[in-house]
Amino acid sequence: MKKRTSRPSSSLPPIHARTVERLAAGLGPVEPAWPLWVQWSLWALMSLVLFVLFFHLLPMRGDLHGGDSVAGGLVLFILTGAGLAAWAALESSVPAESLRGRWQARTALFLWALAAVWALTASPWHWTAYWPALSMSSCFVAVFLSGLVSWAGLVFLLARNAPTRAFRAGLWAGLSAFLLGLGAVTLHCPNGDLFHLCMEHFLPVLVYSGVMAWAGAGWLSGWKKRSLPPARTKA
Amino acid sequence: MKPPPKRSRPSPISDKEQWDSWAKLLERTQAGDGEAYRRLLDEIGPLLFHFVRKRVFNQDLVPDVYQEVLMTFHKARHSYEPGRPLGPWLFTVARNSILTALGKNRRYVEREIPSEKLPEIIPLEAEGSMEEELRGALEGLPPIYRQAVEMLKLRGLSLEEAAKEIGITVGALKVRAHRGYGLLRKKMLGRKKK
């Protein structure tokens, strides 16, 4: 065992020396956290690949072929919101950063709300017997499936850090991932019906964000459950 | 002319060189340098202990909460990004672990049993058949509960001594012992009914 060169302050309780010895005895090298911009770039790259994949899998809606600026702008807003929410998720997973950058979080929410309002006001007001025969099998599920891989990738990145508030980080991760899913579905689905947009495009983003934040909280809190060096027991 | 602001002693938080040196020690810690880690913990220890003492009203809990802070620091050490200011990172980790530790202790306190209400040491020598039954029931307990009961009731260690030997808090030991007594009682009653 190495000889101790420093001496703890006399004002510290006896438990200090014991804990330090215990922790230092089992110390191993760890990989420091990557800078946030590196993590975000990884997320952006992954999202780009996924988005291109969706683009190939799902045919683009007809009005976008004609260069509909409203729909195109809507998708752009949604994707910007996803990027900002991903940044907010990453920030909230690093202890020093979780106190900073509230503007990204607010901007993400603002953009999402703006996109929702824009979509609702731009769409025709059809009460076309949609309620209560709400179809829960198409876009509602597509948003989830389109966002799931992105969610897993982002939560993997977050879990490598040390999210002190796992639920909050998970909420942002869900918002980012399912906004990405919403963007993919918006490129594909031409239905401009108000209730369809509300119930099967925007509502799922909120529902899945909350559910997946709850489901992923254990994964994000994994760093707290890491094993510590064993305490020394008397012979 | 304005008088210079009163300042009794330089605040360690404002001492940039000090923080930079601690940040360097933490970087060496991330590389696995145990000596740098010991030095870092010894140097930031008073600061963290003061931070804990200011936020925990029940002074009996302060050492346990402080230990929890050190352990959380250990688990989160990888998340410090070299080159970034150490202070905000350190205090966020400390604040969070204080909240976690207080939450745990609140649960312990609710289930805490005063030492004077704990059952007396069972006189094993009194009755041979009872001793066998008791030993059998004790062996059937999950290891962590058996260890707590054995230390407190068979070896006669104090709560502090036993907690120190196992490496857990007194509150956690009380919970284990309490559960152990409950299970032991159930097992003994079950045997008697048979």
# chains A, B, ... in the order shown; residues from 1 in each chain; ligands from 1

call {"tool": "residues_around", "arguments": {"residues": "Leu228 (chain A)", "least_positions_apart": "2", "cutoff": "8 Å", "atoms": "only C-alpha atoms", "output": "list in words"}}
result
Leu23, Gly26, Arg226 and Pro230 of chain A; Met71 and Lys75 of chain B

call {"tool": "residues_around", "arguments": {"residues": "Ala101 (chain B)", "least_positions_apart": "6", "cutoff": "9 Å", "atoms": "only C-alpha atoms", "output": "ChimeraX atom specification"}}
result
/B:64-66,68-69

call {"tool": "interface_residues", "arguments": {"of": "chain B", "to": "chain A", "cutoff": "8 Å", "atoms": "only C-alpha atoms", "output": "count of residues only"}}
result
40

call {"tool": "residues_around", "arguments": {"residues": "Val49 (chain A)", "least_positions_apart": "5", "cutoff": "12 Å", "atoms": "only C-alpha atoms", "output": "list in words"}}
result
Leu42, Trp43, Ala44, Phe54, Phe55, His56, Val149, Ser150 and Leu180 of chain A

call {"tool": "residues_around", "arguments": {"residues": "Tyr145 (chain B)", "least_positions_apart": "4", "cutoff": "9 Å", "atoms": "only C-alpha atoms", "output": "ChimeraX atom specification"}}
result
/B:141,149-150,173,176-181,183

call {"tool": "closest_residue", "arguments": {"among": "A:Leu175, A:Gly181, A:His188, A:Ala213", "to": "Val141 (chain A)", "atoms": "only C-alpha atoms"}}
result
A:Gly181

call {"tool": "residues_around", "arguments": {"residues": "Ala23 (chain B)", "least_positions_apart": "4", "cutoff": "9 Å", "atoms": "only C-alpha atoms", "output": "list of chain:residue names"}}
result
B:Gln18, B:Trp19, B:Glu27, B:Arg28, B:Leu40, B:Pro82, B:Gly83, B:Arg84, B:Pro85, B:Leu86, B:Gly87

call {"tool": "write_last_selection", "arguments": {"atoms": "C-alpha atoms", "output": "PDB file, in the first residue's frame"}}
result
ATOM      1  CA  GLN B  18      -6.701  26.208  -5.465  1.00  0.00           C
ATOM      2  CA  TRP B  19      -9.595  25.041  -7.606  1.00  0.00           C
ATOM      3  CA  GLU B  27      -7.871  14.480 -13.619  1.00  0.00           C
ATOM      4  CA  ARG B  28      -5.077  12.346 -12.138  1.00  0.00           C
ATOM      5  CA  LEU B  40      -7.796  15.572  -3.252  1.00  0.00           C
ATOM      6  CA  PRO B  82     -11.262  17.969 -17.680  1.00  0.00           C
ATOM      7  CA  GLY B  83     -10.696  21.649 -18.265  1.00  0.00           C
ATOM      8  CA  ARG B  84     -14.099  22.704 -16.927  1.00  0.00           C
ATOM      9  CA  PRO B  85     -14.544  24.539 -13.599  1.00  0.00           C
ATOM     10  CA  LEU B  86     -14.605  22.010 -10.780  1.00  0.00           C
ATOM     11  CA  GLY B  87     -16.688  24.005  -8.269  1.00  0.00           C
TER      12      GLY B  87
END
